[in-house]
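Asks: Next comes query.tsv, TSV, C-alpha atoms:
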chain	number	residue	atom	x	y	z
A	1	MET	CA	44.33	10.70	15.33
A	2	LYS	CA	41.48	8.42	16.35
A	3	LEU	CA	39.30	11.45	17.04
A	4	ARG	CA	39.95	12.82	13.56
A	5	TRP	CA	38.83	9.56	11.93
A	6	THR	CA	35.76	9.43	14.14
A	7	LEU	CA	34.84	12.98	13.16
A	8	LEU	CA	35.38	12.18	9.47
A	9	LEU	CA	33.16	9.14	9.80
A	10	ILE	CA	30.41	11.15	11.48
A	11	LEU	CA	30.60	13.83	8.78
A	12	ALA	CA	30.45	11.18	6.07
A	13	CYS	CA	27.35	9.66	7.66
A	14	VAL	CA	25.68	13.05	7.93
A	15	PHE	CA	26.45	14.43	4.49
A	16	VAL	CA	26.75	11.41	2.20
A	17	THR	CA	23.37	10.13	1.08
A	18	PRO	CA	22.67	7.62	-1.67
A	19	ALA	CA	22.49	9.20	-5.12
A	20	SER	CA	19.02	7.78	-5.64
A	21	ALA	CA	17.59	9.29	-2.46
A	22	LYS	CA	15.62	12.25	-3.76
A	23	LYS	CA	14.30	13.93	-0.67
A	24	TYR	CA	13.83	17.40	0.66
A	25	GLY	CA	14.18	18.13	4.33
A	26	ARG	CA	12.51	15.44	6.41
A	27	GLN	CA	10.29	14.21	3.59
A	28	VAL	CA	9.70	10.50	3.16
A	29	ARG	CA	8.20	9.40	-0.13
A	30	TYR	CA	5.22	7.08	-0.36
A	31	ALA	CA	3.10	5.79	-3.23
A	32	GLY	CA	-0.45	4.55	-2.76
A	33	ILE	CA	-2.49	4.14	0.39
A	34	HIS	CA	-0.73	3.13	3.61
A	35	PRO	CA	-1.08	3.33	7.38
A	36	VAL	CA	-0.50	6.69	9.03
A	37	ALA	CA	2.16	6.62	11.74
A	38	LYS	CA	0.69	6.16	15.22
A	39	ALA	CA	2.43	9.36	16.35
A	40	GLU	CA	0.47	11.20	13.64
A	41	GLY	CA	-2.86	9.79	14.78
A	42	GLY	CA	-2.92	6.41	13.01
A	43	GLY	CA	-5.52	5.25	10.51
A	44	ILE	CA	-5.03	5.17	6.75
A	45	CYS	CA	-3.59	7.71	4.35
A	46	HIS	CA	-5.91	7.77	1.33
A	47	ILE	CA	-3.54	9.39	-1.16
A	48	GLU	CA	-3.44	7.03	-4.16
A	49	PHE	CA	-0.44	8.51	-6.00
A	50	PRO	CA	3.15	9.42	-5.03
A	51	HIS	CA	3.26	11.83	-2.11
A	52	VAL	CA	5.33	12.76	0.92
A	53	HIS	CA	5.01	12.67	4.69
A	54	ILE	CA	7.47	13.50	7.41
A	55	TYR	CA	7.33	10.16	9.17
A	56	PRO	CA	9.27	7.04	8.27
A	57	ALA	CA	8.11	3.76	6.76
A	58	ASN	CA	9.10	0.44	8.33
A	59	LYS	CA	10.97	-2.20	6.38
A	60	LEU	CA	8.59	-5.10	6.99
A	61	GLU	CA	5.43	-3.53	5.56
A	62	TYR	CA	6.93	-1.43	2.78
A	63	ARG	CA	8.99	-1.98	-0.36
A	64	VAL	CA	10.94	0.82	-2.00
A	65	VAL	CA	10.11	1.37	-5.66
A	66	ALA	CA	11.66	4.34	-7.50
A	67	ASP	CA	12.35	6.06	-4.16
A	68	ASN	CA	8.75	5.59	-3.05
A	69	ASN	CA	7.69	3.45	-0.09
A	70	VAL	CA	4.91	1.14	-1.25
A	71	PHE	CA	2.73	-0.49	1.41
A	72	VAL	CA	2.45	-4.27	0.96
A	73	GLY	CA	0.72	-5.12	4.26
A	74	ASP	CA	-2.97	-5.51	5.07
A	75	PRO	CA	-4.62	-2.07	5.09
A	76	VAL	CA	-7.80	-3.39	6.73
A	77	ALA	CA	-5.79	-3.87	9.92
A	78	TYR	CA	-5.43	-0.08	10.01
A	79	GLY	CA	-9.01	0.81	9.17
A	80	TRP	CA	-9.09	0.77	5.35
A	81	ASP	CA	-12.71	0.58	4.18
A	82	GLY	CA	-12.13	0.85	0.44
A	83	PRO	CA	-11.85	-1.93	-2.14
A	84	LYS	CA	-10.16	-5.00	-0.74
A	85	TYR	CA	-9.17	-8.41	-2.06
A	86	ALA	CA	-8.62	-11.54	0.03
A	87	TYR	CA	-5.43	-13.56	-0.21
A	88	LYS	CA	-4.10	-16.52	1.67
A	89	GLY	CA	-0.40	-17.10	2.05
A	90	ALA	CA	2.67	-15.49	0.58
A	91	HIS	CA	2.61	-14.19	-2.99
A	92	PRO	CA	4.31	-11.86	-5.47
A	93	ILE	CA	3.19	-8.24	-5.89
A	94	GLN	CA	3.76	-6.16	-9.00
A	95	VAL	CA	4.88	-3.22	-6.89
A	96	ASN	CA	5.72	-0.94	-9.81
A	97	VAL	CA	2.00	-0.82	-10.64
A	98	LEU	CA	1.30	0.45	-7.12
A	99	ALA	CA	4.08	3.01	-7.43
A	100	GLY	CA	2.85	4.08	-10.87
A	101	THR	CA	6.17	3.38	-12.54
A	102	PRO	CA	6.39	1.65	-15.92
A	103	GLU	CA	9.42	-0.58	-15.31
A	104	PRO	CA	8.20	-3.99	-14.12
A	105	TYR	CA	9.28	-4.63	-10.55
A	106	VAL	CA	8.03	-7.55	-8.51
A	107	HIS	CA	8.35	-7.90	-4.77
A	108	TYR	CA	6.70	-10.25	-2.33
A	109	CYS	CA	4.16	-10.38	0.49
A	110	TYR	CA	5.13	-12.87	3.19
A	111	LEU	CA	1.90	-12.88	5.23
A	112	SER	CA	1.26	-16.56	5.72
A	113	GLY	CA	-2.39	-16.50	6.76
A	114	PRO	CA	-5.58	-14.93	5.38
A	115	HIS	CA	-5.17	-11.23	4.67
A	116	TYR	CA	-6.37	-8.42	2.47
A	117	HIS	CA	-4.69	-6.09	0.02
A	118	TYR	CA	-6.23	-3.11	-1.71
A	119	PHE	CA	-5.13	-4.45	-5.09
A	120	GLU	CA	-5.78	-7.54	-7.17
A	121	PRO	CA	-2.88	-9.66	-8.38
A	122	GLU	CA	-1.16	-8.46	-11.55
A	123	ALA	CA	1.40	-11.25	-11.68
A	124	PRO	CA	0.53	-14.72	-13.06
A	125	GLY	CA	0.31	-17.87	-10.95
A	126	PHE	CA	-2.75	-17.19	-8.80
A	127	GLU	CA	-5.80	-19.37	-8.30
A	128	VAL	CA	-9.07	-18.18	-6.80
A	129	ARG	CA	-10.69	-20.43	-4.19
A	130	GLY	CA	-13.46	-19.29	-1.88
A	131	ASP	CA	-13.17	-15.70	-3.15
A	132	ALA	CA	-9.51	-15.61	-2.12
A	133	TYR	CA	-6.31	-15.57	-4.13
A	134	PHE	CA	-3.81	-18.39	-3.55
A	135	TYR	CA	-0.40	-18.23	-5.17
A	136	VAL	CA	0.36	-21.55	-6.86
A	137	GLY	CA	3.23	-20.44	-9.09
A	138	GLU	CA	6.82	-21.50	-8.68
A	139	PRO	CA	8.37	-19.21	-6.03
A	140	PRO	CA	11.18	-17.26	-7.69
A	141	GLU	CA	14.66	-17.51	-6.18
A	142	ALA	CA	14.44	-13.84	-5.15
A	143	MET	CA	11.27	-14.58	-3.17
A	144	ILE	CA	12.95	-17.40	-1.26
A	145	GLU	CA	16.13	-15.41	-0.64
A	146	ALA	CA	14.30	-12.33	0.67
A	147	ARG	CA	11.96	-14.33	2.93
A	148	PRO	CA	14.10	-14.23	6.10
A	149	ALA	CA	14.23	-10.44	5.93
A	150	TYR	CA	10.46	-10.00	5.63
A	151	VAL	CA	8.77	-13.01	7.23
A	152	GLY	CA	8.77	-11.10	10.52
A	153	ILE	CA	5.70	-9.26	9.20
A	154	ASN	CA	3.62	-12.14	10.59
A	155	ALA	CA	4.69	-11.24	14.11
A	156	VAL	CA	3.54	-7.66	13.43
A	157	TYR	CA	0.06	-8.75	12.32
A	158	THR	CA	-0.57	-11.62	14.74
A	159	PRO	CA	-1.51	-9.36	17.69
A	160	LEU	CA	-3.58	-6.96	15.55
A	161	VAL	CA	-7.30	-7.34	16.19
A	162	TYR	CA	-9.37	-6.77	13.06
A	163	THR	CA	-11.70	-8.64	10.75
A	164	ARG	CA	-9.55	-10.86	8.60
A	165	PRO	CA	-10.95	-12.72	5.60
A	166	VAL	CA	-12.47	-16.05	6.58
A	167	ILE	CA	-11.22	-18.61	4.06
A	168	GLU	CA	-12.41	-22.12	4.78
A	169	VAL	CA	-11.79	-23.82	1.46
A	170	GLU	CA	-9.11	-26.37	0.71
A	171	PRO	CA	-6.10	-24.60	-0.77
A	172	PRO	CA	-5.32	-25.56	-4.36
A	173	SER	CA	-2.58	-28.07	-5.01
A	174	GLY	CA	0.76	-26.38	-5.46
A	175	TRP	CA	-0.14	-23.61	-3.03
A	176	ILE	CA	3.04	-21.89	-1.99
A	177	MET	CA	2.48	-22.40	1.74
A	178	VAL	CA	2.80	-26.18	1.43
A	179	ARG	CA	6.10	-25.92	-0.44
A	180	PRO	CA	9.43	-26.46	1.30
A	181	GLY	CA	10.76	-23.18	2.60
A	182	PHE	CA	7.30	-21.72	3.09
A	183	VAL	CA	5.66	-24.23	5.43
A	184	VAL	CA	5.17	-22.62	8.82
A	185	GLU	CA	6.01	-25.07	11.56
A	186	ALA	CA	3.67	-24.56	14.49
A	187	PRO	CA	4.88	-24.91	18.06
A	188	VAL	CA	2.03	-26.78	19.76
A	189	VAL	CA	0.71	-25.61	23.12
A	190	VAL	CA	-1.98	-27.71	24.79
A	191	ALA	CA	-4.37	-26.10	27.24
A	192	PRO	CA	-7.08	-28.17	28.98
A	193	ALA	CA	-10.74	-27.27	28.61
A	194	PRO	CA	-13.88	-28.76	30.23
A	195	ARG	CA	-15.03	-30.72	27.21
A	196	ALA	CA	-12.55	-29.77	24.58
A	197	GLN	CA	-8.83	-29.37	24.19
A	198	VAL	CA	-7.39	-26.15	22.78
A	199	VAL	CA	-4.34	-26.46	20.64
A	200	GLY	CA	-2.70	-23.13	19.86
A	201	GLY	CA	0.26	-22.21	17.77
A	202	VAL	CA	1.51	-19.95	15.07
A	203	GLY	CA	0.12	-21.76	12.08
A	204	VAL	CA	-0.36	-20.83	8.49
A	205	SER	CA	-3.08	-18.44	9.63
A	206	ALA	CA	-2.02	-15.05	10.89
A	207	GLY	CA	-5.25	-14.78	12.78
A	208	VAL	CA	-7.27	-16.93	15.15
A	209	SER	CA	-9.38	-19.65	13.66
A	210	VAL	CA	-11.86	-21.17	16.08
A	211	HIS	CA	-13.56	-24.34	14.89
A	212	ILE	CA	-16.37	-25.60	17.10
A	213	PRO	CA	-16.86	-29.37	16.81
A	214	VAL	CA	-20.08	-31.28	16.26
A	215	PRO	CA	-22.94	-31.07	17.09
A	216	THR	CA	-22.54	-27.32	16.56
A	217	VAL	CA	-21.76	-25.78	13.17
A	218	SER	CA	-18.15	-24.99	12.28
A	219	VAL	CA	-17.57	-21.25	12.64
A	220	GLY	CA	-14.54	-19.30	11.47
A	221	VAL	CA	-13.77	-16.33	13.68
A	222	GLN	CA	-10.85	-14.16	12.71
A	223	VAL	CA	-9.31	-11.97	15.38
A	224	GLY	CA	-5.73	-11.37	16.36
A	225	GLY	CA	-3.46	-13.99	17.87
A	226	PRO	CA	-2.12	-17.36	16.88
A	227	ALA	CA	-4.14	-20.08	15.21
A	228	VAL	CA	-6.32	-21.98	17.66
A	229	ILE	CA	-7.98	-25.26	16.87
A	230	VAL	CA	-10.55	-26.64	19.27
A	231	ARG	CA	-10.92	-30.42	19.34
A	232	GLU	CA	-12.67	-32.99	21.46
A	233	ARG	CA	-10.62	-34.59	24.20
A	234	GLY	CA	-9.58	-38.15	23.66
A	235	HIS	CA	-9.17	-38.03	19.87
A	236	GLY	CA	-5.75	-38.37	18.40
A	237	LYS	CA	-6.33	-36.23	15.29
A	238	PHE	CA	-7.47	-32.70	14.62
A	239	LYS	CA	-11.17	-32.73	13.85
A	240	HIS	CA	-11.18	-29.85	11.41
A	241	LYS	CA	-7.68	-29.84	10.07
A	242	LYS	CA	-7.92	-28.52	6.52
A	243	TRP	CA	-4.58	-29.59	5.17
A	244	LYS	CA	-1.38	-31.19	6.34
A	245	ARG	CA	1.56	-29.24	7.59
A	246	ARG	CA	4.93	-30.56	6.57
B	247	MET	CA	-16.60	3.85	-45.28
B	248	ARG	CA	-18.90	4.62	-42.37
B	249	SER	CA	-17.12	2.07	-40.15
B	250	TRP	CA	-13.74	3.66	-40.93
B	251	LEU	CA	-15.16	7.03	-39.94
B	252	LEU	CA	-16.43	5.57	-36.67
B	253	ILE	CA	-13.06	3.97	-35.95
B	254	GLY	CA	-11.31	7.26	-36.69
B	255	LEU	CA	-13.63	9.19	-34.38
B	256	THR	CA	-13.13	6.59	-31.64
B	257	VAL	CA	-9.34	6.82	-31.95
B	258	VAL	CA	-9.47	10.63	-31.77
B	259	ALA	CA	-11.81	10.49	-28.76
B	260	CYS	CA	-9.63	7.98	-26.95
B	261	SER	CA	-6.37	9.80	-27.61
B	262	LYS	CA	-7.68	13.09	-26.27
B	263	ASP	CA	-6.30	13.95	-22.82
B	264	LYS	CA	-8.83	13.59	-20.04
B	265	GLY	CA	-9.24	16.18	-17.31
B	266	ALA	CA	-8.72	19.87	-16.82
B	267	THR	CA	-6.33	21.60	-19.22
B	268	SER	CA	-6.30	25.09	-17.73
B	269	ARG	CA	-6.01	26.70	-14.31
B	270	ASP	CA	-9.67	27.71	-14.45
B	271	GLY	CA	-10.55	24.15	-15.39
B	272	VAL	CA	-8.68	22.87	-12.33
B	273	VAL	CA	-10.56	25.25	-10.03
B	274	GLU	CA	-13.85	24.29	-11.67
B	275	ALA	CA	-13.10	20.58	-11.15
B	276	TRP	CA	-12.45	21.21	-7.45
B	277	LYS	CA	-15.73	23.09	-7.08
B	278	LYS	CA	-17.67	20.39	-8.92
B	279	GLY	CA	-16.14	17.81	-6.61
B	280	GLY	CA	-17.43	19.67	-3.55
B	281	LEU	CA	-14.16	21.29	-2.51
B	282	GLU	CA	-13.83	24.92	-1.51
B	283	PRO	CA	-10.99	26.58	-3.39
B	284	SER	CA	-9.95	30.19	-2.82
B	285	SER	CA	-9.08	32.31	-5.82
B	286	LEU	CA	-5.62	31.54	-7.15
B	287	THR	CA	-3.17	34.42	-7.32
B	288	ALA	CA	0.07	34.65	-9.30
B	289	ALA	CA	2.99	33.24	-7.34
B	290	LYS	CA	6.72	33.75	-7.82
B	291	VAL	CA	8.21	30.36	-7.04
B	292	ASP	CA	11.07	28.18	-8.23
B	293	VAL	CA	8.69	25.50	-9.47
B	294	GLY	CA	7.80	27.24	-12.74
B	295	SER	CA	7.43	30.63	-14.39
B	296	ASP	CA	3.63	30.53	-14.67
B	297	CYS	CA	2.30	29.54	-11.27
B	298	ALA	CA	-0.59	30.58	-9.05
B	299	SER	CA	-1.24	29.70	-5.44
B	300	GLY	CA	-4.22	29.62	-3.11
B	301	THR	CA	-5.96	27.24	-0.75
B	302	VAL	CA	-8.41	24.37	-1.05
B	303	ASN	CA	-10.16	23.40	2.19
B	304	LYS	CA	-7.29	25.01	4.14
B	305	LEU	CA	-4.64	23.11	2.18
B	306	ASP	CA	-2.04	25.21	0.36
B	307	VAL	CA	-2.10	24.64	-3.38
B	308	LEU	CA	0.11	25.70	-6.25
B	309	VAL	CA	-0.95	25.28	-9.87
B	310	CYS	CA	1.68	25.77	-12.57
B	311	THR	CA	1.28	25.72	-16.32
B	312	PHE	CA	4.07	24.52	-18.61
B	313	LYS	CA	4.56	24.47	-22.36
B	314	THR	CA	4.67	20.69	-22.52
B	315	ALA	CA	3.54	17.74	-20.44
B	316	LYS	CA	7.19	16.65	-20.20
B	317	GLU	CA	8.17	19.94	-18.58
B	318	ALA	CA	5.30	19.61	-16.11
B	319	LYS	CA	6.39	16.08	-15.24
B	320	GLU	CA	9.99	17.18	-14.76
B	321	ALA	CA	8.87	19.93	-12.37
B	322	GLU	CA	7.21	17.44	-9.97
B	323	ASP	CA	10.37	17.30	-7.87
B	324	LYS	CA	10.55	21.07	-7.56
B	325	GLY	CA	6.94	20.93	-6.44
B	326	LEU	CA	7.96	18.66	-3.58
B	327	GLN	CA	10.55	21.22	-2.54
B	328	TRP	CA	7.71	23.75	-2.31
B	329	VAL	CA	5.81	21.28	-0.07
B	330	GLY	CA	8.69	21.34	2.43
B	331	ASP	CA	8.48	19.45	5.71
B	332	ASN	CA	4.78	18.71	5.40
B	333	THR	CA	2.47	16.06	4.05
B	334	GLY	CA	1.87	16.85	0.42
B	335	ALA	CA	2.06	15.87	-3.21
B	336	SER	CA	3.17	17.20	-6.57
B	337	LYS	CA	1.62	15.69	-9.67
B	338	ALA	CA	1.61	16.61	-13.33
B	339	GLN	CA	-1.68	16.57	-15.19
B	340	GLY	CA	-0.92	17.18	-18.84
B	341	GLU	CA	0.78	20.57	-19.07
B	342	MET	CA	-0.40	21.47	-15.58
B	343	LEU	CA	1.36	20.73	-12.33
B	344	ILE	CA	-0.73	20.55	-9.16
B	345	VAL	CA	1.13	20.84	-5.88
B	346	VAL	CA	-0.56	20.56	-2.51
B	347	ALA	CA	0.87	20.98	0.99
B	348	ASP	CA	-0.86	20.34	4.30
B	349	ARG	CA	0.95	23.02	6.32
B	350	LYS	CA	-1.86	23.37	8.86
B	351	LYS	CA	-2.21	19.61	9.37
B	352	VAL	CA	-5.88	19.67	8.48
B	353	ASP	CA	-5.90	16.50	6.39
B	354	PRO	CA	-3.97	13.79	8.27
B	355	HIS	CA	-5.60	10.98	6.28
B	356	GLY	CA	-5.03	12.60	2.91
B	357	LYS	CA	-8.64	12.39	1.77
B	358	VAL	CA	-8.77	16.00	0.56
B	359	ILE	CA	-5.23	15.90	-0.85
B	360	ASN	CA	-6.30	12.89	-2.89
B	361	GLN	CA	-9.28	14.81	-4.26
B	362	VAL	CA	-7.26	17.96	-4.97
B	363	VAL	CA	-5.07	15.96	-7.33
B	364	THR	CA	-7.48	13.41	-8.75
B	365	LEU	CA	-10.55	15.61	-9.43
B	366	PRO	CA	-8.88	17.71	-12.16
B	367	ALA	CA	-7.71	14.51	-13.86
B	368	LYS	CA	-11.24	13.16	-14.33
Give the structure from this file in structure tokens form.

Replies:
Amino acid sequence: MKLRWTLLLILACVFVTPASAKKYGRQVRYAGIHPVAKAEGGGICHIEFPHVHIYPANKLEYRVVADNNVFVGDPVAYGWDGPKYAYKGAHPIQVNVLAGTPEPYVHYCYLSGPHYHYFEPEAPGFEVRGDAYFYVGEPPEAMIEARPAYVGINAVYTPLVYTRPVIEVEPPSGWIMVRPGFVVEAPVVVAPAPRAQVVGGVGVSAGVSVHIPVPTVSVGVQVGGPAVIVRERGHGKFKHKKWKRR
Amino acid sequence: MRSWLLIGLTVVACSKDKGATSRDGVVEAWKKGGLEPSSLTAAKVDVGSDCASGTVNKLDVLVCTFKTAKEAKEAEDKGLQWVGDNTGASKAQGEMLIVVADRKKVDPHGKVINQVVTLPAK
């Protein structure tokens, strides 16, 4: 009896697919540019319109719009050398525009540090500072609710080594990353250095930000890894802290 | 009077469909864009009743002509069936449907596939 139910369950899993899943064979639908699977050689797929591949899309970097997987990560991390726009922090994305579908559909990018997209914002609520887009609008309930499912994207990008945008301006007031629910608490790790102390942690930056104290000039270097702030030993405060973390 | 005429001409010019409107026009657009298409030969496929297939830079292509743009759009899915288990695309361009399949895995980054579909639309 148990065996019969198990077999029925297996058959149901094999043959019952969602009504909306239009696919043929092993095809997976994509819309717009996106990373090519490592197993297929990596790099970037340059097809700008809906198309198919036979490799899957992951849930953290893609959103499904009208059966198409739309890439919402940072394409520069995978070698994109086309048009790019700098952002800092989480923000909405008008994903239906990327998928080429008329029905408005907004989803969200949860990258907390500086990053690029291949598109400019279509949704309202952005401010430009230092050639980068900051989202200052009220985060919709859907954005807050979906955050736990997608915030893991930061762990995907932290170890990636690539040239991130260097954004050294003060964020505008009302920036989403200083709002409750979006502030990234940083575990502090202190490592001694000959003349300076290195404080590392996963901060609001997805990359590494090295600030060299006086008398040298402050330099922003963006490579993979957690945020690192270099400060002189013996001082109680961060020398180059740009804004407060709650 | 003259300004109305200018406005009328502008409206007509703007409403006119851009891009290739015939199979020959599609092939011409590919050539102009630096691609190397073979000659297209009539193909009996489920995608449409007036289709021709060939290759562009070693990619398999299928170009179908429909009576209306709506019919071409509706046939996009059948085009994907023709692509099969390969990287590819199926996109309507007016009354034309352009389907491309990378069966030989010659375009892993989709640069040529992108051109095959976008060049005739320009």

Asks: Tell me as a PyMOL selection string which residues belonging to chain A come within 10 Å of chain B, counting all atoms listed in the file.

Replies: chain A and resi 22-30+33-36+40-55

Asks: Those same residues, written as a PDB file, keeping the file's coordinate frame with C-alpha atoms?

Replies:
ATOM      1  CA  LYS A  22      15.620  12.250  -3.760  1.00  0.00           C
ATOM      2  CA  LYS A  23      14.300  13.930  -0.670  1.00  0.00           C
ATOM      3  CA  TYR A  24      13.830  17.400   0.660  1.00  0.00           C
ATOM      4  CA  GLY A  25      14.180  18.130   4.330  1.00  0.00           C
ATOM      5  CA  ARG A  26      12.510  15.440   6.410  1.00  0.00           C
ATOM      6  CA  GLN A  27      10.290  14.210   3.590  1.00  0.00           C
ATOM      7  CA  VAL A  28       9.700  10.500   3.160  1.00  0.00           C
ATOM      8  CA  ARG A  29       8.200   9.400  -0.130  1.00  0.00           C
ATOM      9  CA  TYR A  30       5.220   7.080  -0.360  1.00  0.00           C
ATOM     10  CA  ILE A  33      -2.490   4.140   0.390  1.00  0.00           C
ATOM     11  CA  HIS A  34      -0.730   3.130   3.610  1.00  0.00           C
ATOM     12  CA  PRO A  35      -1.080   3.330   7.380  1.00  0.00           C
ATOM     13  CA  VAL A  36      -0.500   6.690   9.030  1.00  0.00           C
ATOM     14  CA  GLU A  40       0.470  11.200  13.640  1.00  0.00           C
ATOM     15  CA  GLY A  41      -2.860   9.790  14.780  1.00  0.00           C
ATOM     16  CA  GLY A  42      -2.920   6.410  13.010  1.00  0.00           C
ATOM     17  CA  GLY A  43      -5.520   5.250  10.510  1.00  0.00           C
ATOM     18  CA  ILE A  44      -5.030   5.170   6.750  1.00  0.00           C
ATOM     19  CA  CYS A  45      -3.590   7.710   4.350  1.00  0.00           C
ATOM     20  CA  HIS A  46      -5.910   7.770   1.330  1.00  0.00           C
ATOM     21  CA  ILE A  47      -3.540   9.390  -1.160  1.00  0.00           C
ATOM     22  CA  GLU A  48      -3.440   7.030  -4.160  1.00  0.00           C
ATOM     23  CA  PHE A  49      -0.440   8.510  -6.000  1.00  0.00           C
ATOM     24  CA  PRO A  50       3.150   9.420  -5.030  1.00  0.00           C
ATOM     25  CA  HIS A  51       3.260  11.830  -2.110  1.00  0.00           C
ATOM     26  CA  VAL A  52       5.330  12.760   0.920  1.00  0.00           C
ATOM     27  CA  HIS A  53       5.010  12.670   4.690  1.00  0.00           C
ATOM     28  CA  ILE A  54       7.470  13.500   7.410  1.00  0.00           C
ATOM     29  CA  TYR A  55       7.330  10.160   9.170  1.00  0.00           C
TER      30      TYR A  55
END

Asks: Please indicate the distance in Å from atom CA of A:Phe182 to atom CA of A:Pro114, rounded to one decimal place.

Replies: 14.7 Å

Asks: If I take atom CA of B:Val302 and atom CA of B:Ala288, how far is one from the other in Å, to one decimal?

Replies: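 These two atoms are separated by 15.7 Å.
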
Asks: Can you tell me how far atom CA of A:Asn68 sits from atom CA of B:Leu308, in Å to one decimal?

Replies: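 These two atoms are separated by 22.1 Å.
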
Asks: Find the spatial neighbours of B:Ala266, counting all atoms listed in the file, within a cut-off of 7 Å - ignore same-chain residues fewer than 5 positions away - and output them as a list in words.

Replies: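 Once the nearby chain positions are removed, what remains is Gly271, Val272, Pro366 and Ala367 of chain B.
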
Asks: Place a sphere of radius 12 Å on (8.4, -16.4, -8.2) in the file coordinates and name every protein, DNA or RNA residue with an atom inside or on its surface, counting all atoms listed in the file; give the answer as an MDAnalysis selection string.

Replies: chainID A and resid 90:94 106:109 123:126 135:147 176

Asks: A:Val70: which residues within 8 Å, counting only C-alpha atoms, same-chain residues fewer than 3 positions away excluded, as a list in words?

Replies: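 Counting only the stated atoms, we get Tyr30, Ala31, Gly32, His34, Tyr62, Arg63, Val64, Val65, Val95, Leu98 and Ala99 of chain A.
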
Asks: Write out as a ChimeraX atom specification each polymer residue whose atoms come within 8 Å of A:Tyr118, counting all atoms listed in the file; drop sequence neighbours fewer than 4 positions from it.

Replies: /A:74-75,82-85

Asks: Given the choices B:Ala318, B:Arg349, B:Val362, B:Arg269, which gets closest to B:Gly294 if the distance is worked out from all atoms listed in the file?

Replies: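 Closest residue, counting all atoms listed in the file: B:Ala318.
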
Asks: Find, counting all atoms listed in the file, the residue in B:Met342, B:Gly280, B:Ala275, B:Ala315 that gets nearest to B:Ala298.

Replies: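 Of all the options, B:Met342 lies closest to B:Ala298.
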
Asks: I want to know what sits within 10 Å of B:Ser284, based on all atoms listed in the file, with residues of the same chain fewer than 2 positions away left out; could you give that as a count of residues only?

Replies: 13

Asks: Go through A:Tyr133, A:Tyr157, A:Trp80, A:Phe71 one by one, measure the shortest atom-to-atom distance of each to A:Leu111 using only C-alpha atoms, and give the residue with the smallest value.

Replies: A:Tyr157

Asks: Using all atoms listed in the file, what residues lie at most 10 Å away from (-10.1, -5.3, 9.8) (file coordinates), given as JSON, numbers by chain?

Replies: {"A": [74, 75, 76, 77, 78, 79, 80, 81, 115, 116, 160, 161, 162, 163, 164, 165, 222, 223, 224]}

Asks: With C-alpha atoms retained, write the just-selected residues as a compact mmCIF listing (two decimals), keeping the file's coordinate frame.

Replies:
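Final file, result_21.txt:
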# COMPACT_ATOMS: atom_id res chain seq x y z
CA ASP A 74 -2.97 -5.51 5.07
CA PRO A 75 -4.62 -2.07 5.09
CA VAL A 76 -7.80 -3.39 6.73
CA ALA A 77 -5.79 -3.87 9.92
CA TYR A 78 -5.43 -0.08 10.01
CA GLY A 79 -9.01 0.81 9.17
CA TRP A 80 -9.09 0.77 5.35
CA ASP A 81 -12.71 0.58 4.18
CA HIS A 115 -5.17 -11.23 4.67
CA TYR A 116 -6.37 -8.42 2.47
CA LEU A 160 -3.58 -6.96 15.55
CA VAL A 161 -7.30 -7.34 16.19
CA TYR A 162 -9.37 -6.77 13.06
CA THR A 163 -11.70 -8.64 10.75
CA ARG A 164 -9.55 -10.86 8.60
CA PRO A 165 -10.95 -12.72 5.60
CA GLN A 222 -10.85 -14.16 12.71
CA VAL A 223 -9.31 -11.97 15.38
CA GLY A 224 -5.73 -11.37 16.36
